[in-house]
$ cat protein.csv   # CSV, C-alpha atoms
chain,number,residue,atom,x,y,z
O,27,MET,CA,-1.6,-13.9,21.6
O,28,LYS,CA,0.3,-14.8,18.4
O,29,THR,CA,3.9,-13.9,17.7
O,30,ALA,CA,5.4,-12.3,14.6
O,31,ARG,CA,8.9,-12.6,13.2
O,32,SER,CA,10.1,-9.4,11.5
O,33,VAL,CA,13.2,-7.7,10.3
O,34,GLU,CA,14.5,-4.8,12.3
O,35,ILE,CA,17.5,-2.5,12.0
O,36,GLN,CA,19.1,-0.5,14.9
O,37,SER,CA,21.6,1.3,12.6
O,38,PHE,CA,22.0,2.1,9.0
O,39,GLY,CA,24.6,0.2,6.9
O,40,GLU,CA,25.3,-3.0,5.0
O,41,PRO,CA,22.9,-6.0,4.8
O,42,GLU,CA,24.2,-7.3,8.1
O,43,VAL,CA,22.4,-4.6,10.1
O,44,MET,CA,19.2,-6.4,9.4
O,45,HIS,CA,18.1,-8.9,12.2
O,46,VAL,CA,15.1,-11.0,12.6
O,47,VAL,CA,13.3,-10.5,15.9
O,48,GLU,CA,10.3,-12.3,17.4
O,49,ARG,CA,7.7,-10.4,19.3
O,50,PRO,CA,4.1,-10.8,20.5
O,51,LEU,CA,1.5,-9.6,17.9
O,52,PRO,CA,-1.8,-8.3,19.4
O,53,ALA,CA,-5.1,-9.0,17.8
O,54,PRO,CA,-6.0,-6.6,15.0
O,55,GLY,CA,-7.5,-3.3,16.1
O,56,PRO,CA,-10.5,-1.5,14.7
O,57,GLY,CA,-10.2,-1.3,10.9
O,58,GLU,CA,-7.3,-3.7,10.9
O,59,VAL,CA,-6.7,-7.1,9.4
O,60,GLN,CA,-4.1,-9.6,10.7
O,61,LEU,CA,-2.2,-11.3,7.9
O,62,ALA,CA,-0.2,-14.4,7.7
O,63,GLN,CA,2.2,-13.3,5.0
O,64,THR,CA,3.3,-15.8,2.3
O,65,ALA,CA,5.5,-13.8,0.0
O,66,ILE,CA,7.4,-10.5,0.3
O,67,GLY,CA,8.9,-8.3,-2.4
O,68,ILE,CA,12.3,-6.5,-2.3
O,69,ASN,CA,12.8,-3.1,-3.9
O,70,PHE,CA,15.6,-0.5,-4.2
O,71,LEU,CA,13.8,1.9,-1.9
O,72,GLU,CA,14.3,-0.5,1.0
O,73,VAL,CA,18.0,-0.9,0.1
O,74,SER,CA,18.3,2.8,0.2
O,75,GLN,CA,16.5,3.1,3.5
O,76,ARG,CA,18.6,0.4,5.0
O,77,GLN,CA,21.6,2.4,4.1
O,78,GLY,CA,20.2,5.6,5.5
O,79,GLY,CA,19.1,7.2,2.2
O,80,GLY,CA,15.9,7.4,0.3
O,81,TYR,CA,13.2,8.6,2.6
O,82,PRO,CA,15.0,8.4,6.0
O,83,LEU,CA,13.4,6.3,8.7
O,84,PRO,CA,13.7,6.8,12.4
O,85,LEU,CA,15.6,4.1,14.2
O,86,PRO,CA,14.9,1.4,15.2
O,87,THR,CA,12.7,0.5,12.3
O,88,GLY,CA,11.4,-2.4,10.2
O,89,LEU,CA,11.7,-2.4,6.4
O,90,GLY,CA,9.6,-3.3,3.4
O,91,PHE,CA,6.5,-2.1,1.6
O,92,GLU,CA,4.9,-4.9,-0.3
O,93,ALA,CA,3.7,-8.4,0.5
O,94,ALA,CA,0.9,-10.9,-0.1
O,95,GLY,CA,-0.8,-13.3,2.3
O,96,ARG,CA,-3.9,-14.6,3.8
O,97,VAL,CA,-6.3,-13.0,6.3
O,98,GLU,CA,-6.1,-14.7,9.7
O,99,ALA,CA,-8.4,-12.3,11.6
O,100,VAL,CA,-10.3,-9.1,11.2
O,101,GLY,CA,-10.8,-6.2,13.6
O,102,GLU,CA,-13.9,-4.3,14.6
O,103,GLY,CA,-15.6,-2.6,11.7
O,104,VAL,CA,-13.9,-4.5,8.9
O,105,THR,CA,-16.4,-5.6,6.3
O,106,ASP,CA,-14.4,-5.8,3.1
O,107,PHE,CA,-12.4,-8.9,4.1
O,108,GLN,CA,-12.9,-12.1,6.0
O,109,GLU,CA,-10.7,-14.9,7.3
O,110,GLY,CA,-9.0,-16.9,4.5
O,111,ASP,CA,-9.1,-14.1,1.9
O,112,ARG,CA,-5.9,-13.7,-0.2
O,113,VAL,CA,-4.7,-10.1,-0.3
O,114,ALA,CA,-1.7,-7.9,-1.1
O,115,TYR,CA,-0.5,-4.4,-0.4
O,116,ILE,CA,2.1,-1.8,-1.3
O,117,ALA,CA,1.7,1.0,1.1
O,118,ALA,CA,0.5,-0.2,4.5
O,119,GLY,CA,3.4,1.3,6.4
O,120,VAL,CA,7.0,0.2,6.8
O,121,GLY,CA,7.3,-3.4,8.0
O,122,ALA,CA,6.5,-5.8,5.2
O,123,TYR,CA,9.6,-7.9,6.0
O,124,ALA,CA,7.6,-10.1,8.5
O,125,ASP,CA,5.8,-13.4,8.6
O,126,ARG,CA,2.8,-11.9,10.3
O,127,ARG,CA,1.5,-8.4,10.8
O,128,ASN,CA,-1.6,-6.2,11.4
O,129,VAL,CA,-2.5,-3.9,8.4
O,130,ALA,CA,-5.2,-1.3,7.9
O,131,ALA,CA,-7.9,-3.0,5.8
O,132,ASP,CA,-8.2,0.0,3.5
O,133,LYS,CA,-4.6,-0.6,2.4
O,134,LEU,CA,-5.3,-4.0,1.0
O,135,VAL,CA,-6.5,-5.3,-2.3
O,136,ARG,CA,-8.1,-8.8,-2.8
O,137,LEU,CA,-6.1,-11.0,-5.1
O,138,PRO,CA,-8.0,-12.8,-8.0
O,139,ASP,CA,-7.5,-16.5,-8.3
O,140,SER,CA,-5.4,-16.0,-11.4
O,141,ILE,CA,-2.7,-14.1,-9.5
O,142,SER,CA,-0.4,-16.2,-7.2
O,143,ASP,CA,0.9,-14.9,-3.9
O,144,GLU,CA,4.5,-14.9,-5.3
O,145,THR,CA,3.4,-13.0,-8.4
O,146,ALA,CA,1.7,-10.4,-6.3
O,147,ALA,CA,4.6,-9.9,-4.0
O,148,ALA,CA,7.0,-9.7,-6.9
O,149,MET,CA,4.7,-7.5,-9.0
O,150,MET,CA,2.7,-5.1,-6.9
O,151,PHE,CA,5.3,-2.4,-6.3
O,152,LYS,CA,7.1,-2.8,-9.6
O,153,GLY,CA,3.9,-3.5,-11.6
O,154,LEU,CA,2.0,-0.5,-10.2
O,155,THR,CA,5.1,1.6,-10.9
O,156,ALA,CA,4.9,0.6,-14.5
O,157,GLN,CA,1.2,1.1,-14.4
O,158,TYR,CA,1.4,4.8,-13.6
O,159,LEU,CA,4.3,5.3,-16.0
O,160,VAL,CA,2.4,3.9,-19.0
O,161,ARG,CA,-1.1,4.9,-18.1
O,162,LYS,CA,-0.9,8.1,-16.0
O,163,THR,CA,2.4,9.9,-16.4
O,164,HIS,CA,2.2,9.4,-20.2
O,165,ALA,CA,-0.7,7.4,-21.9
O,166,VAL,CA,1.5,5.2,-24.0
O,167,LYS,CA,0.0,4.6,-27.5
O,168,ALA,CA,0.9,2.9,-30.7
O,169,GLY,CA,3.7,4.6,-32.5
O,170,ASP,CA,5.4,6.1,-29.5
O,171,LEU,CA,9.2,5.7,-29.2
O,172,LEU,CA,10.4,5.2,-25.6
O,173,LEU,CA,13.8,5.0,-24.0
O,174,VAL,CA,13.7,2.8,-20.9
O,175,HIS,CA,16.7,2.9,-18.6
O,176,ALA,CA,17.4,-0.2,-16.5
O,177,ALA,CA,15.5,-2.2,-19.0
O,178,THR,CA,16.7,-5.5,-17.5
O,179,GLY,CA,15.5,-4.6,-14.0
O,180,GLY,CA,12.1,-5.6,-12.5
O,181,VAL,CA,10.3,-2.4,-13.4
O,182,GLY,CA,12.1,-2.0,-16.7
O,183,GLN,CA,11.0,-5.4,-17.9
O,184,ILE,CA,7.4,-4.9,-16.9
O,185,LEU,CA,7.3,-1.4,-18.4
O,186,THR,CA,8.8,-2.7,-21.6
O,187,ARG,CA,6.4,-5.5,-22.0
O,188,TRP,CA,3.4,-3.4,-21.2
O,189,ALA,CA,4.4,-0.5,-23.5
O,190,THR,CA,5.2,-2.9,-26.3
O,191,ALA,CA,1.7,-4.5,-25.9
O,192,LEU,CA,0.2,-1.0,-26.3
O,193,GLY,CA,2.0,-0.6,-29.6
O,194,ALA,CA,5.0,1.4,-28.6
O,195,THR,CA,8.6,0.8,-29.7
O,196,VAL,CA,11.1,0.5,-26.8
O,197,ILE,CA,14.8,1.0,-26.9
O,198,GLY,CA,16.3,-0.3,-23.6
O,199,ALA,CA,19.4,0.9,-21.7
O,200,THR,CA,21.6,-1.1,-19.4
O,201,THR,CA,25.0,-1.1,-17.7
O,202,SER,CA,25.2,-4.9,-18.0
O,203,PRO,CA,25.8,-5.8,-21.6
O,204,GLU,CA,25.7,-9.5,-20.7
O,205,LYS,CA,22.0,-9.0,-19.8
O,206,ILE,CA,21.0,-7.5,-23.2
O,207,PRO,CA,19.1,-10.7,-24.2
O,208,VAL,CA,16.9,-10.2,-21.1
O,209,ALA,CA,15.8,-6.8,-22.3
O,210,GLU,CA,15.3,-8.1,-25.9
O,211,ALA,CA,13.2,-10.9,-24.6
O,212,ALA,CA,11.0,-8.3,-22.8
O,213,GLY,CA,10.4,-6.6,-26.1
O,214,CYS,CA,13.1,-4.0,-26.6
O,215,LYS,CA,13.8,-3.3,-30.3
O,216,ALA,CA,17.4,-2.5,-29.4
O,217,VAL,CA,19.5,-2.2,-26.2
O,218,ILE,CA,22.3,0.3,-25.6
O,219,ASP,CA,25.1,0.2,-23.0
O,220,ILE,CA,25.0,3.4,-21.0
O,221,SER,CA,28.4,2.6,-19.3
O,222,GLN,CA,29.8,4.0,-22.5
O,223,PRO,CA,30.2,7.8,-22.6
O,224,ASP,CA,28.7,8.2,-26.1
O,225,TRP,CA,25.5,6.3,-25.3
O,226,PRO,CA,23.2,9.1,-26.6
O,227,GLU,CA,24.8,8.7,-30.0
O,228,ALA,CA,24.3,4.9,-29.6
O,229,PHE,CA,20.6,5.6,-28.9
O,230,LEU,CA,20.2,7.7,-32.0
O,231,ALA,CA,21.9,5.1,-34.1
O,232,ALA,CA,19.6,2.4,-32.7
O,233,SER,CA,16.5,4.6,-33.4
O,234,GLY,CA,17.5,5.6,-36.9
O,235,GLY,CA,18.0,9.2,-35.8
O,236,ARG,CA,14.6,9.6,-34.1
O,237,LYS,CA,14.5,11.0,-30.6
O,238,ALA,CA,12.3,9.5,-27.9
O,239,ASP,CA,8.7,10.7,-27.2
O,240,VAL,CA,9.3,9.7,-23.6
O,241,VAL,CA,12.5,8.9,-21.7
O,242,TYR,CA,12.0,6.8,-18.5
O,243,ASP,CA,15.0,7.4,-16.2
O,244,SER,CA,15.3,5.4,-13.0
O,245,VAL,CA,19.1,5.9,-12.8
O,246,GLY,CA,19.1,9.6,-11.9
O,247,LYS,CA,22.4,11.2,-11.1
O,248,ASP,CA,24.6,9.5,-13.8
O,249,THR,CA,22.1,9.7,-16.6
O,250,LEU,CA,19.6,12.6,-16.4
O,251,LEU,CA,21.6,15.2,-18.3
O,252,LYS,CA,22.2,12.8,-21.2
O,253,SER,CA,18.6,11.6,-21.1
O,254,LEU,CA,17.6,15.1,-22.0
O,255,GLN,CA,19.7,14.8,-25.1
O,256,CYS,CA,17.6,11.8,-26.2
O,257,ALA,CA,14.1,13.3,-25.9
O,258,ALA,CA,12.3,14.7,-28.9
O,259,GLN,CA,11.1,18.3,-29.2
O,260,PHE,CA,8.4,18.8,-26.6
O,261,GLY,CA,9.1,15.3,-25.3
O,262,LEU,CA,8.8,14.1,-21.8
O,263,VAL,CA,11.6,13.0,-19.4
O,264,VAL,CA,10.4,11.0,-16.4
O,265,VAL,CA,12.6,10.6,-13.4
O,266,TYR,CA,11.2,7.8,-11.2
O,267,GLY,CA,14.3,6.4,-9.5
O,268,ALA,CA,17.8,7.2,-8.3
O,269,ALA,CA,19.8,4.0,-8.7
O,270,SER,CA,23.0,6.1,-9.1
O,271,GLY,CA,22.0,8.9,-6.7
O,272,PRO,CA,19.5,11.7,-6.8
O,273,ALA,CA,19.1,13.4,-10.2
O,274,PRO,CA,20.9,16.8,-10.5
O,275,ALA,CA,19.0,20.1,-10.3
O,276,ILE,CA,18.0,21.3,-13.7
O,277,GLU,CA,17.8,25.0,-14.7
O,278,PRO,CA,14.5,25.6,-16.6
O,279,MET,CA,16.3,27.2,-19.5
O,280,LEU,CA,18.1,23.9,-20.1
O,281,LEU,CA,14.7,22.3,-20.8
O,282,ASN,CA,14.1,25.1,-23.3
O,283,ARG,CA,17.4,24.7,-25.1
O,284,SER,CA,16.9,20.9,-25.2
O,285,GLY,CA,13.6,21.3,-27.2
O,286,GLY,CA,11.0,22.7,-24.8
O,287,LEU,CA,11.0,19.4,-22.8
O,288,PHE,CA,8.7,18.4,-20.0
O,289,LEU,CA,10.4,17.0,-16.9
O,290,THR,CA,8.6,15.2,-14.1
O,291,GLN,CA,9.3,13.1,-11.0
O,292,PRO,CA,6.1,11.2,-10.0
O,293,SER,CA,5.9,8.4,-7.4
O,294,LEU,CA,4.0,5.2,-6.7
O,295,PHE,CA,2.7,6.5,-3.4
O,296,LEU,CA,1.2,9.7,-5.0
O,297,HIS,CA,-0.6,7.6,-7.7
O,298,ASN,CA,-2.0,5.2,-5.0
O,299,ALA,CA,-2.8,7.7,-2.3
O,300,SER,CA,-6.4,6.6,-1.7
O,301,THR,CA,-8.0,3.2,-1.3
O,302,ASP,CA,-10.1,3.7,-4.5
O,303,LEU,CA,-7.1,4.8,-6.6
O,304,PHE,CA,-5.0,1.8,-5.3
O,305,ARG,CA,-7.7,-0.8,-6.0
O,306,ASP,CA,-8.5,0.7,-9.4
O,307,ASN,CA,-4.8,0.7,-10.4
O,308,ALA,CA,-4.4,-2.8,-9.1
O,309,ALA,CA,-7.4,-4.0,-11.1
O,310,ASP,CA,-5.7,-2.5,-14.2
O,311,LEU,CA,-2.5,-4.3,-13.4
O,312,PHE,CA,-4.3,-7.6,-12.8
O,313,ASP,CA,-6.1,-7.2,-16.2
O,314,ALA,CA,-2.8,-6.6,-17.9
O,315,ILE,CA,-1.4,-9.8,-16.3
O,316,ASP,CA,-4.4,-11.8,-17.3
O,317,LYS,CA,-4.1,-10.6,-20.9
O,318,GLY,CA,-0.4,-11.6,-21.0
O,319,HIS,CA,0.7,-8.0,-21.5
O,320,VAL,CA,2.6,-8.1,-18.2
O,321,THR,CA,4.7,-10.9,-16.7
O,322,VAL,CA,7.2,-11.0,-13.9
O,323,ASP,CA,10.3,-13.3,-13.7
O,324,ILE,CA,11.3,-14.4,-10.2
O,325,ALA,CA,15.0,-14.7,-10.2
O,326,ALA,CA,15.5,-15.9,-6.6
O,327,ARG,CA,13.7,-16.9,-3.4
O,328,TYR,CA,15.0,-16.5,0.1
O,329,PRO,CA,13.6,-17.4,3.5
O,330,LEU,CA,13.1,-14.5,6.0
O,331,ALA,CA,16.1,-15.7,8.0
O,332,ASP,CA,18.3,-15.1,5.0
O,333,ILE,CA,17.2,-11.5,4.4
O,334,ALA,CA,20.8,-10.2,4.4
O,335,GLU,CA,21.7,-12.6,1.7
O,336,ALA,CA,18.6,-11.6,-0.3
O,337,HIS,CA,19.6,-8.0,-0.1
O,338,ARG,CA,23.2,-8.8,-1.2
O,339,ALA,CA,21.8,-10.7,-4.2
O,340,PHE,CA,19.4,-7.9,-5.1
O,341,GLU,CA,22.0,-5.2,-4.8
O,342,SER,CA,24.5,-7.1,-7.0
O,343,ARG,CA,22.3,-6.4,-10.1
O,344,LYS,CA,23.3,-9.7,-11.4
O,345,LEU,CA,19.8,-11.2,-11.2
O,346,ALA,CA,17.5,-10.6,-14.2
O,347,GLY,CA,14.2,-10.6,-12.3
O,348,ALA,CA,12.5,-10.1,-9.0
O,349,VAL,CA,13.7,-11.4,-5.6
O,350,VAL,CA,11.0,-12.8,-3.3
O,351,VAL,CA,11.2,-13.6,0.4
O,352,THR,CA,9.1,-16.4,1.6
O,353,PRO,CA,8.5,-16.3,5.4

$ encode --input "protein.csv" --output "structure tokens"
Amino acid sequence: MKTARSVEIQSFGEPEVMHVVERPLPAPGPGEVQLAQTAIGINFLEVSQRQGGGYPLPLPTGLGFEAAGRVEAVGEGVTDFQEGDRVAYIAAGVGAYADRRNVAADKLVRLPDSISDETAAAMMFKGLTAQYLVRKTHAVKAGDLLLVHAATGGVGQILTRWATALGATVIGATTSPEKIPVAEAAGCKAVIDISQPDWPEAFLAASGGRKADVVYDSVGKDTLLKSLQCAAQFGLVVVYGAASGPAPAIEPMLLNRSGGLFLTQPSLFLHNASTDLFRDNAADLFDAIDKGHVTVDIAARYPLADIAEAHRAFESRKLAGAVVVTP
């Protein structure tokens, strides 16, 4: 029987609550695939869950949702994959922080030769988030004006690049003025500093007085009410993250007074709830990567043993790009 090294937490808290444990790993069961993982992505959802927020997990628990690797063995009934195939996933159950694990085959997508394992691990969660935002929540088209919060973050950069390739104009927002060149390099026409209280006025100044067709808000608590001020009449405000905490409750009449706005909070998991949806969306993402519409910058790499350090670096928000763990 093989063994697997994985991250486990016994209590919620700071990065130090994460420990690497080693346990026997049984052969894959019916419908399962055993993976030797080569690259693992880190996302804010996992940081929140480590702290006890987000979608609370029962303790003890593993962490992590996305990884890439190679098939080592297949269980009974698996016909889609064979030993040696390169694959990736985003929603195969908590526990991606591991060097080896068993995963349901219907949660996997085969990686094309043009997509490296590291790119997949850094891109799947963030890239498929951007995919539903620009393809499903709102079909971005030429001429659209978008306000993208956290434009220097992993999703923000991908979203900006993809939307710009589709012909939209993007104004980015950040709380780190020193990283404005990062957002500009991703395609933002202008970048505003939302740590300043008058940032809606700064947005209108940058847009020439035009309000946004869509506001993509991943910050939540600290920004939503002012995000409403930046949306055009009958515009759309999309809440897809809560970096500052959950977004406040909104009275429907406020949407009316703000211009008859539409407000939604979709999620990656809803948009990839079935095998067919996930693989179709992934194919769309891979096509965008191949066309050069979407790229990902990997800011740092850490071994699994240094997972606490990886989380600290990720939480610092000082890195302009993805953090990848290499088992």

$ closest_atom_pairs --input "protein.csv" --of "segment 237-349 of chain O" --to "segment 182-193 of chain O" --cutoff "7 Å" --atoms "all atoms listed in the file" --output "JSON lines"
{"residue": "O:His319", "atom": "CA", "partner": "O:Trp188", "partner_atom": "CA", "distance": 5.3}
{"residue": "O:Val320", "atom": "CA", "partner": "O:Trp188", "partner_atom": "CA", "distance": 5.6}
{"residue": "O:Thr321", "atom": "CA", "partner": "O:Ile184", "partner_atom": "CA", "distance": 6.6}
{"residue": "O:Val322", "atom": "CA", "partner": "O:Ile184", "partner_atom": "CA", "distance": 6.8}

$ write_last_selection --input "protein.csv" --atoms "C-alpha atoms" --output "PDB file, in the frame of the given file"
ATOM      1  CA  HIS O 319       0.700  -8.000 -21.500  1.00  0.00           C
ATOM      2  CA  VAL O 320       2.600  -8.100 -18.200  1.00  0.00           C
ATOM      3  CA  THR O 321       4.700 -10.900 -16.700  1.00  0.00           C
ATOM      4  CA  VAL O 322       7.200 -11.000 -13.900  1.00  0.00           C
TER       5      VAL O 322
END

$ closest_residue --input "protein.csv" --among "O:Leu251, O:Ala268, O:Tyr158, O:Pro223" --to "Phe304 of chain O" --atoms "all atoms listed in the file"
O:Tyr158

$ atom_distance --input "protein.csv" --atom1 "atom CA of Gly153 of chain O" --atom2 "atom CA of Arg126 of chain O"
23.5 Å

$ atom_distance --input "protein.csv" --atom1 "atom CA of Gln222 of chain O" --atom2 "atom CA of Thr195 of chain O"
22.6 Å

$ residues_around --input "protein.csv" --residues "Ala216 of chain O" --least-positions-apart "3" --cutoff "7 Å" --atoms "all atoms listed in the file" --output "MDAnalysis selection string"
chainID O and resid 197:198 210 232

$ residues_around --input "protein.csv" --residues "Arg161 of chain O" --least-positions-apart "5" --cutoff "10 Å" --atoms "all atoms listed in the file" --output "list in words"
Ala156, Val166, Lys167, Trp188, Ala189, Asn307 and Asp310 of chain O

$ closest_residue --input "protein.csv" --among "O:Leu83, O:Ala258, O:Val73, O:Ala147" --to "Ser342 of chain O" --atoms "only C-alpha atoms"
O:Val73

$ residues_around --input "protein.csv" --residues "segment 169-173 of chain O" --least-positions-apart "3" --cutoff "12 Å" --atoms "all atoms listed in the file" --output "ChimeraX atom specification"
/O:159-160,164-166,176-177,182,185-200,213-218,220,225-226,228-230,232-244,252-258,261-264

$ closest_residue --input "protein.csv" --among "O:Ala146, O:Val135, O:Ala130, O:Ile35" --to "Thr87 of chain O" --atoms "all atoms listed in the file"
O:Ile35

$ closest_residue --input "protein.csv" --among "O:Glu48, O:Glu144, O:Glu34, O:Glu58" --to "Gly121 of chain O" --atoms "all atoms listed in the file"
O:Glu34

$ closest_residue --input "protein.csv" --among "O:Gln63, O:Pro292, O:Val245, O:Glu341" --to "Gly271 of chain O" --atoms "all atoms listed in the file"
O:Val245

$ residues_around --input "protein.csv" --residues "Pro353 of chain O" --least-positions-apart "2" --cutoff "8 Å" --atoms "all atoms listed in the file" --output "CSV table (one decimal) with C-alpha atoms, in the frame of the given file"
chain,number,residue,atom,x,y,z
O,63,GLN,CA,2.2,-13.3,5.0
O,64,THR,CA,3.3,-15.8,2.3
O,65,ALA,CA,5.5,-13.8,0.0
O,66,ILE,CA,7.4,-10.5,0.3
O,124,ALA,CA,7.6,-10.1,8.5
O,125,ASP,CA,5.8,-13.4,8.6
O,329,PRO,CA,13.6,-17.4,3.5
O,330,LEU,CA,13.1,-14.5,6.0
O,351,VAL,CA,11.2,-13.6,0.4

$ residues_around --input "protein.csv" --residues "Gly180 of chain O" --least-positions-apart "4" --cutoff "7 Å" --atoms "only C-alpha atoms" --output "PyMOL selection string"
chain O and resi 152+184+347-348

$ closest_residue --input "protein.csv" --among "O:Tyr81, O:Leu134, O:Pro56, O:Ala336" --to "Ala94 of chain O" --atoms "only C-alpha atoms"
O:Leu134

$ atom_distance --input "protein.csv" --atom1 "atom CA of Asn69 of chain O" --atom2 "atom CA of Gln157 of chain O"
16.2 Å

$ residues_near_point --input "protein.csv" --point "(-0.6, -7.3, -12.3)" --cutoff "7 Å" --atoms "all atoms listed in the file" --output "ChimeraX atom specification"
/O:149-150,153,308,311-315,320

$ closest_atom_pairs --input "protein.csv" --of "segment 38-64 of chain O" --to "segment 99-104 of chain O" --cutoff "6 Å" --atoms "only C-alpha atoms" --output "Markdown table"
| residue | atom | partner | partner_atom | distance |
| --- | --- | --- | --- | --- |
| O:Pro54 | CA | O:Gly101 | CA | 5.0 |
| O:Gly55 | CA | O:Gly101 | CA | 5.1 |
| O:Pro56 | CA | O:Glu102 | CA | 4.4 |
| O:Gly57 | CA | O:Val104 | CA | 5.3 |
| O:Glu58 | CA | O:Gly101 | CA | 5.1 |
| O:Val59 | CA | O:Val100 | CA | 4.5 |
| O:Gln60 | CA | O:Ala99 | CA | 5.2 |
